[in-house]
$ cat model36.cif   # mmCIF, C-alpha atoms
data_structure
loop_
_atom_site.label_atom_id
_atom_site.label_comp_id
_atom_site.auth_asym_id
_atom_site.auth_seq_id
_atom_site.Cartn_x
_atom_site.Cartn_y
_atom_site.Cartn_z
CA MET G 1 23.97 23.53 -11.48
CA PRO G 2 24.62 22.27 -15.02
CA ALA G 3 26.62 19.11 -15.60
CA THR G 4 30.31 19.62 -16.37
CA LYS G 5 32.55 17.37 -18.41
CA GLU G 6 36.15 16.50 -17.61
CA GLY G 7 37.60 14.32 -20.37
CA ASP G 8 35.18 11.41 -20.75
CA ARG G 9 33.65 11.90 -17.28
CA VAL G 10 30.46 13.89 -16.69
CA ASN G 11 30.09 15.38 -13.21
CA PHE G 12 26.47 15.75 -12.12
CA PRO G 13 25.30 17.45 -8.93
CA SER G 14 24.96 14.86 -6.15
CA TYR G 15 22.07 14.81 -3.66
CA PRO G 16 21.07 12.26 -1.02
CA HIS G 17 18.21 9.99 -2.11
CA GLU G 18 15.88 8.12 0.22
CA VAL G 19 13.14 5.57 -0.30
CA LEU G 20 9.88 5.53 1.68
CA ALA G 21 7.24 2.80 2.00
CA VAL G 22 3.52 3.56 2.25
CA VAL G 23 2.33 0.21 3.61
CA LEU G 24 -1.47 -0.02 3.56
CA SER G 25 -3.75 -2.65 5.07
CA VAL G 26 -7.35 -2.96 6.18
CA ARG G 27 -7.41 -3.14 9.99
CA ASP G 28 -10.67 -3.47 11.91
CA GLY G 29 -12.63 -2.40 8.85
CA ARG G 30 -10.53 0.71 8.10
CA LEU G 31 -7.78 1.40 5.59
CA CYS G 32 -4.63 2.03 7.63
CA VAL G 33 -1.02 3.02 6.98
CA LEU G 34 2.05 1.80 8.84
CA LEU G 35 3.92 4.64 10.60
CA TRP G 36 6.71 4.88 13.14
CA LYS G 37 7.30 7.63 15.71
CA ARG G 38 10.49 9.62 15.25
CA ALA G 39 12.71 9.86 18.32
CA ARG G 40 15.10 12.51 16.97
CA SER G 41 14.96 15.95 15.42
CA PRO G 42 13.90 17.18 13.00
CA HIS G 43 10.21 16.43 13.52
CA ARG G 44 10.79 14.58 16.76
CA ASP G 45 7.65 12.76 18.01
CA ARG G 46 5.97 13.03 14.61
CA TRP G 47 4.92 9.92 12.73
CA ALA G 48 6.90 8.90 9.65
CA LEU G 49 6.88 6.34 6.87
CA PRO G 50 9.39 3.48 7.07
CA GLY G 51 12.39 4.09 4.86
CA GLY G 52 15.91 5.42 4.63
CA GLY G 53 18.84 6.13 2.37
CA VAL G 54 19.91 4.34 -0.80
CA GLU G 55 23.45 2.99 -1.01
CA SER G 56 25.44 3.63 -4.17
CA THR G 57 25.38 -0.08 -5.01
CA GLU G 58 21.63 -0.59 -4.36
CA ARG G 59 18.60 -0.51 -6.57
CA PHE G 60 15.63 1.35 -5.06
CA ARG G 61 13.64 -1.84 -4.58
CA GLU G 62 16.53 -3.49 -2.76
CA ALA G 63 16.85 -0.46 -0.51
CA ILE G 64 13.17 -0.23 0.42
CA THR G 65 12.99 -3.98 1.06
CA GLY G 66 15.91 -3.68 3.46
CA HIS G 67 14.44 -0.70 5.31
CA LEU G 68 11.04 -2.39 5.54
CA ALA G 69 12.64 -5.44 7.12
CA ALA G 70 13.49 -3.30 10.15
CA LYS G 71 9.79 -2.61 10.75
CA VAL G 72 7.85 -5.57 9.39
CA ASP G 73 8.53 -9.03 8.00
CA VAL G 74 8.77 -8.26 4.29
CA ARG G 75 7.23 -11.65 3.56
CA ASP G 76 3.99 -10.15 4.90
CA VAL G 77 3.98 -7.55 2.09
CA ALA G 78 1.87 -9.11 -0.68
CA HIS G 79 2.50 -6.34 -3.22
CA LEU G 80 5.13 -3.62 -3.64
CA GLU G 81 5.34 -1.05 -6.45
CA GLN G 82 7.10 2.26 -7.06
CA LEU G 83 4.81 5.22 -6.48
CA ALA G 84 6.37 8.66 -7.02
CA THR G 85 9.48 10.77 -6.52
CA HIS G 86 9.38 14.09 -4.66
CA SER G 87 12.14 16.64 -5.17
CA ARG G 88 11.10 19.84 -3.41
CA VAL G 89 14.21 21.68 -2.31
CA ASP G 90 12.84 22.30 1.20
CA ARG G 91 11.22 18.91 1.88
CA ASP G 92 13.94 18.15 4.47
CA PRO G 93 15.23 21.04 6.63
CA ARG G 94 18.68 19.47 6.96
CA ALA G 95 19.64 19.26 3.29
CA ARG G 96 18.31 18.72 -0.20
CA VAL G 97 17.03 15.13 -0.17
CA LEU G 98 15.19 13.42 -3.01
CA ALA G 99 12.61 10.80 -2.02
CA THR G 100 11.03 7.94 -3.95
CA GLY G 101 7.92 6.38 -2.46
CA TYR G 102 6.66 2.81 -2.74
CA LEU G 103 3.18 1.42 -2.22
CA GLY G 104 3.08 -1.78 -0.20
CA LEU G 105 0.02 -3.85 0.73
CA VAL G 106 -0.48 -6.32 3.58
CA PRO G 107 -3.47 -8.73 3.66
CA SER G 108 -6.05 -8.05 6.34
CA ASP G 109 -5.58 -11.40 8.08
CA VAL G 110 -1.82 -10.97 8.51
CA GLU G 111 -0.68 -9.67 11.90
CA PRO G 112 2.90 -8.42 11.57
CA ASP G 113 5.02 -8.34 14.71
CA LEU G 114 5.67 -4.58 14.95
CA PRO G 115 8.31 -2.74 16.99
CA SER G 116 7.06 -0.63 19.91
CA ASP G 117 7.56 2.63 17.96
CA THR G 118 5.45 1.44 15.00
CA ALA G 119 1.66 1.29 14.60
CA TRP G 120 -1.22 1.24 12.11
CA HIS G 121 -3.10 4.54 11.65
CA PRO G 122 -6.35 5.09 9.69
CA VAL G 123 -5.58 7.09 6.54
CA GLU G 124 -8.60 9.30 7.21
CA GLU G 125 -7.36 10.16 10.72
CA LEU G 126 -3.63 10.64 10.34
CA PRO G 127 -1.56 11.96 13.23
CA ARG G 128 0.90 14.78 12.59
CA THR G 129 3.36 13.36 10.07
CA ALA G 130 7.00 14.18 9.41
CA PHE G 131 8.35 16.02 6.37
CA ASP G 132 6.09 15.62 3.31
CA HIS G 133 5.07 12.07 4.11
CA HIS G 134 1.35 12.86 4.03
CA HIS G 135 1.68 13.58 0.30
CA PHE G 136 3.03 10.09 -0.27
CA ILE G 137 0.16 8.62 1.77
CA GLU G 138 -2.40 10.55 -0.29
CA ALA G 139 -0.78 9.38 -3.53
CA ALA G 140 -0.68 5.76 -2.36
CA THR G 141 -4.32 5.82 -1.29
CA GLY G 142 -5.33 7.26 -4.65
CA ARG G 143 -3.24 4.70 -6.53
CA LEU G 144 -4.79 1.81 -4.61
CA ARG G 145 -8.34 3.07 -5.15
CA ALA G 146 -7.76 3.50 -8.87
CA LYS G 147 -6.18 0.08 -9.29
CA LEU G 148 -9.05 -1.64 -7.48
CA SER G 149 -11.12 -0.67 -10.52
CA TYR G 150 -8.94 -1.94 -13.35
CA THR G 151 -6.63 -4.58 -11.82
CA ASN G 152 -6.82 -7.54 -9.45
CA ILE G 153 -4.86 -5.69 -6.73
CA GLY G 154 -7.50 -6.65 -4.17
CA PHE G 155 -5.61 -9.93 -3.76
CA ALA G 156 -2.98 -8.06 -1.73
CA LEU G 157 -5.59 -6.84 0.77
CA ALA G 158 -7.55 -10.08 1.12
CA PRO G 159 -6.92 -13.41 2.85
CA LEU G 160 -6.24 -16.42 0.64
CA GLU G 161 -9.94 -17.35 0.87
CA PHE G 162 -12.94 -15.17 1.62
CA THR G 163 -16.67 -14.75 1.17
CA ILE G 164 -18.13 -12.06 -1.08
CA ALA G 165 -19.36 -10.20 2.01
CA GLU G 166 -15.83 -10.17 3.43
CA LEU G 167 -14.35 -9.01 0.12
CA ARG G 168 -16.99 -6.30 -0.18
CA ASP G 169 -16.05 -4.99 3.27
CA LEU G 170 -12.37 -4.91 2.29
CA PHE G 171 -13.14 -3.04 -0.94
CA GLY G 172 -15.39 -0.68 1.00
CA ALA G 173 -12.64 0.14 3.50
CA ALA G 174 -10.11 0.74 0.73
CA LEU G 175 -12.42 2.69 -1.60
CA GLY G 176 -14.11 4.79 1.06
CA TYR G 177 -17.58 3.59 0.04
CA GLN G 178 -19.37 0.25 0.05
CA PRO G 179 -19.77 -1.32 -3.42
CA GLY G 180 -22.86 -3.40 -4.07
CA ALA G 181 -22.20 -7.08 -3.32
CA THR G 182 -24.07 -8.36 -6.38
CA ASN G 183 -22.34 -5.94 -8.74
CA LEU G 184 -18.93 -6.65 -7.22
CA THR G 185 -19.42 -10.39 -7.66
CA ARG G 186 -20.56 -9.99 -11.26
CA VAL G 187 -17.69 -7.69 -12.19
CA LEU G 188 -14.95 -9.79 -10.58
CA THR G 189 -16.21 -13.15 -11.83
CA ARG G 190 -16.80 -11.82 -15.37
CA ARG G 191 -13.21 -10.60 -15.49
CA HIS G 192 -12.01 -13.95 -14.07
CA VAL G 193 -10.47 -12.16 -11.08
CA ILE G 194 -11.99 -14.49 -8.48
CA ASP G 195 -13.20 -18.08 -8.59
CA PRO G 196 -15.48 -20.00 -6.22
CA THR G 197 -13.87 -22.81 -4.24
CA ASP G 198 -15.61 -26.02 -3.24
CA ARG G 199 -15.88 -24.77 0.34
CA ARG G 200 -18.60 -22.89 2.16
CA ALA G 201 -18.28 -20.64 5.17
CA SER G 202 -19.97 -21.54 8.43
CA SER G 203 -23.42 -19.99 8.75
CA GLY G 204 -22.72 -18.43 12.14
CA GLN G 205 -25.20 -17.61 14.89
CA SER G 206 -27.76 -16.07 12.52
CA GLY G 207 -28.12 -19.32 10.60
CA GLY G 208 -29.06 -19.24 6.94
CA ARG G 209 -27.38 -20.79 3.95
CA PRO G 210 -23.57 -20.93 4.26
CA ALA G 211 -21.83 -18.49 1.91
CA THR G 212 -19.60 -19.66 -0.93
CA VAL G 213 -15.88 -19.20 -0.31
CA TYR G 214 -13.88 -17.56 -3.10
CA LYS G 215 -10.20 -17.05 -3.93
CA PHE G 216 -8.28 -14.84 -6.37
CA VAL G 217 -7.33 -16.60 -9.60
CA THR G 218 -3.79 -15.24 -9.32
CA ARG G 219 -1.93 -13.38 -6.60
CA GLU G 220 0.23 -11.46 -9.03
CA LEU G 221 -0.82 -8.04 -10.32
CA THR G 222 -2.64 -8.09 -13.66
CA VAL G 223 -4.70 -5.50 -15.53
CA THR G 224 -8.23 -6.89 -15.87
CA ASP G 225 -10.03 -4.00 -17.60
CA PRO G 226 -8.01 -0.86 -18.44
CA PHE G 227 -11.15 1.27 -18.85
CA ALA G 228 -13.06 0.16 -15.74
CA VAL G 229 -14.01 2.55 -12.94
CA LEU G 230 -15.74 1.39 -9.77
CA ARG G 231 -18.35 3.88 -8.57
CA PRO G 232 -20.47 4.16 -5.43
CA PRO G 233 -23.92 2.53 -5.74
CA ARG G 234 -26.70 5.02 -6.49
#
$ encode --input "model36.cif" --output "structure tokens"
Amino acid sequence: MPATKEGDRVNFPSYPHEVLAVVLSVRDGRLCVLLWKRARSPHRDRWALPGGGVESTERFREAITGHLAAKVDVRDVAHLEQLATHSRVDRDPRARVLATGYLGLVPSDVEPDLPSDTAWHPVEELPRTAFDHHHFIEAATGRLRAKLSYTNIGFALAPLEFTIAELRDLFGAALGYQPGATNLTRVLTRRHVIDPTDRRASSGQSGGRPATVYKFVTRELTVTDPFAVLRPPR
């Protein structure tokens, strides 16, 4: 329907708009997404992304932060960015509903206190999801994997301090392949993404020289190399 004008007022078609959060985290060595089980129709008993409607006085980010707070302590979310908007006419069987997705990341060492209807699910083994939420999950996974190459976004998946072996495992879970430890160290230190601390990890039962403990230089998103692409080792 085209916009109509009455005096100085333009009347646009009005549709409900919702925001959805794709919250990703590495759990037990696997990249997982936070989902909750719907208790009502439509799509009862399917798994859905946290989210909900946007009030007329809210910005999208304010809305998604509020909806996330019902499922997880938003202080646990180390990074949040707008992802995509979906506008298919039939994406919700009840009415035309526009949806804007957000990518959120939770560090692997954080254990949010989740409601009983909410759980982590591996992105490679998703249960049956509601509406078009799997498209948002695919987009978020792709966005994360791309940004691991050219930004420092790994800070939002990692603990405050870590060894290179631990960081390599986190990158491997997120990327879907294991990057070489030596190459990963060289790339991240050359770009000044991570710095060594003055601490060393305990050697563990296997003995050997204790590993150096590292930290991210900053825990705010920055572009480190706009042309970089991480690839699987040959």
$ closest_residue --input "model36.cif" --among "G:Ala146, G:Val89, G:Leu188, G:Ile164" --to "Phe131 of chain G" --atoms "only C-alpha atoms"
G:Val89
$ residues_around --input "model36.cif" --residues "Arg59 of chain G" --least-positions-apart "5" --cutoff "12 Å" --atoms "only C-alpha atoms" --output "count of residues only"
10
$ residues_around --input "model36.cif" --residues "Glu166 of chain G" --least-positions-apart "2" --cutoff "12 Å" --atoms "all atoms listed in the file" --output "PyMOL selection string"
chain G and resi 26+28-29+108-109+154+157-164+168-173+178-179+181+184-185+201+211-215
$ residues_around --input "model36.cif" --residues "Tyr150 of chain G" --least-positions-apart "3" --cutoff "12 Å" --atoms "all atoms listed in the file" --output "compact mmCIF listing (two decimals) with C-alpha atoms, in the frame of the given file"
# COMPACT_ATOMS: atom_id res chain seq x y z
CA ARG G 143 -3.24 4.70 -6.53
CA LEU G 144 -4.79 1.81 -4.61
CA ARG G 145 -8.34 3.07 -5.15
CA ALA G 146 -7.76 3.50 -8.87
CA LYS G 147 -6.18 0.08 -9.29
CA ILE G 153 -4.86 -5.69 -6.73
CA GLY G 154 -7.50 -6.65 -4.17
CA VAL G 187 -17.69 -7.69 -12.19
CA LEU G 188 -14.95 -9.79 -10.58
CA ARG G 191 -13.21 -10.60 -15.49
CA VAL G 193 -10.47 -12.16 -11.08
CA LEU G 221 -0.82 -8.04 -10.32
CA THR G 222 -2.64 -8.09 -13.66
CA VAL G 223 -4.70 -5.50 -15.53
CA THR G 224 -8.23 -6.89 -15.87
CA ASP G 225 -10.03 -4.00 -17.60
CA PRO G 226 -8.01 -0.86 -18.44
CA PHE G 227 -11.15 1.27 -18.85
CA ALA G 228 -13.06 0.16 -15.74
CA VAL G 229 -14.01 2.55 -12.94
CA LEU G 230 -15.74 1.39 -9.77
$ atom_distance --input "model36.cif" --atom1 "atom CA of Val22 of chain G" --atom2 "atom CA of Leu35 of chain G"
8.4 Å
$ atom_distance --input "model36.cif" --atom1 "atom CA of Glu125 of chain G" --atom2 "atom CA of Arg94 of chain G"
27.9 Å
$ closest_residue --input "model36.cif" --among "G:Ala119, G:Ala84, G:Ala63, G:Ile194" --to "Trp36 of chain G" --atoms "only C-alpha atoms"
G:Ala119
$ atom_distance --input "model36.cif" --atom1 "atom CA of Leu148 of chain G" --atom2 "atom CA of Tyr102 of chain G"
17.0 Å
$ residues_around --input "model36.cif" --residues "Glu138 of chain G" --least-positions-apart "6" --cutoff "12 Å" --atoms "all atoms listed in the file" --output "list in words"
Val22, Leu24, Cys32, Val33, Leu83, Ala84, Gly101, Leu103, Val123, Glu124, Leu126, Asp132, Leu144 and Arg145 of chain G
$ closest_residue --input "model36.cif" --among "G:Arg128, G:Arg209, G:Arg61, G:Arg199" --to "Arg38 of chain G" --atoms "only C-alpha atoms"
G:Arg128
$ decode --input "model36.cif" --residues "segment 29-43 of chain G" --atoms "N, CA and C atoms" --output "PDB file, in the first residue's frame"
ATOM      1  N   GLY G  29      33.192 -27.226  24.181  1.00  0.00           N
ATOM      2  CA  GLY G  29      33.921 -27.373  22.929  1.00  0.00           C
ATOM      3  C   GLY G  29      33.091 -27.254  21.672  1.00  0.00           C
ATOM      4  N   ARG G  30      31.826 -26.800  21.789  1.00  0.00           N
ATOM      5  CA  ARG G  30      30.961 -26.671  20.613  1.00  0.00           C
ATOM      6  C   ARG G  30      30.298 -25.300  20.605  1.00  0.00           C
ATOM      7  N   LEU G  31      30.137 -24.746  19.401  1.00  0.00           N
ATOM      8  CA  LEU G  31      29.443 -23.472  19.278  1.00  0.00           C
ATOM      9  C   LEU G  31      27.948 -23.711  19.462  1.00  0.00           C
ATOM     10  N   CYS G  32      27.355 -23.018  20.420  1.00  0.00           N
ATOM     11  CA  CYS G  32      25.954 -23.250  20.768  1.00  0.00           C
ATOM     12  C   CYS G  32      25.158 -21.949  20.697  1.00  0.00           C
ATOM     13  N   VAL G  33      23.840 -22.102  20.557  1.00  0.00           N
ATOM     14  CA  VAL G  33      22.929 -20.967  20.518  1.00  0.00           C
ATOM     15  C   VAL G  33      21.908 -21.129  21.639  1.00  0.00           C
ATOM     16  N   LEU G  34      21.511 -20.009  22.212  1.00  0.00           N
ATOM     17  CA  LEU G  34      20.544 -20.012  23.309  1.00  0.00           C
ATOM     18  C   LEU G  34      19.123 -20.012  22.735  1.00  0.00           C
ATOM     19  N   LEU G  35      18.331 -21.024  23.102  1.00  0.00           N
ATOM     20  CA  LEU G  35      16.958 -21.155  22.616  1.00  0.00           C
ATOM     21  C   LEU G  35      16.013 -21.431  23.783  1.00  0.00           C
ATOM     22  N   TRP G  36      14.756 -21.040  23.611  1.00  0.00           N
ATOM     23  CA  TRP G  36      13.748 -21.375  24.619  1.00  0.00           C
ATOM     24  C   TRP G  36      12.596 -22.114  23.948  1.00  0.00           C
ATOM     25  N   LYS G  37      11.942 -22.977  24.710  1.00  0.00           N
ATOM     26  CA  LYS G  37      10.884 -23.831  24.164  1.00  0.00           C
ATOM     27  C   LYS G  37       9.533 -23.141  24.292  1.00  0.00           C
ATOM     28  N   ARG G  38       8.860 -22.965  23.152  1.00  0.00           N
ATOM     29  CA  ARG G  38       7.569 -22.288  23.141  1.00  0.00           C
ATOM     30  C   ARG G  38       6.500 -23.153  23.800  1.00  0.00           C
ATOM     31  N   ALA G  39       5.669 -22.518  24.611  1.00  0.00           N
ATOM     32  CA  ALA G  39       4.603 -23.236  25.314  1.00  0.00           C
ATOM     33  C   ALA G  39       3.237 -22.996  24.685  1.00  0.00           C
ATOM     34  N   ARG G  40       3.174 -22.107  23.686  1.00  0.00           N
ATOM     35  CA  ARG G  40       1.897 -21.767  23.068  1.00  0.00           C
ATOM     36  C   ARG G  40       1.988 -21.879  21.555  1.00  0.00           C
ATOM     37  N   SER G  41       0.829 -22.001  20.934  1.00  0.00           N
ATOM     38  CA  SER G  41       0.749 -21.965  19.474  1.00  0.00           C
ATOM     39  C   SER G  41       0.885 -20.516  19.016  1.00  0.00           C
ATOM     40  N   PRO G  42       1.369 -20.287  17.796  1.00  0.00           N
ATOM     41  CA  PRO G  42       1.819 -21.308  16.842  1.00  0.00           C
ATOM     42  C   PRO G  42       3.207 -21.842  17.195  1.00  0.00           C
ATOM     43  N   HIS G  43       3.519 -22.997  16.622  1.00  0.00           N
ATOM     44  CA  HIS G  43       4.817 -23.638  16.814  1.00  0.00           C
ATOM     45  C   HIS G  43       5.057 -24.016  18.270  1.00  0.00           C
TER      46      HIS G  43
END
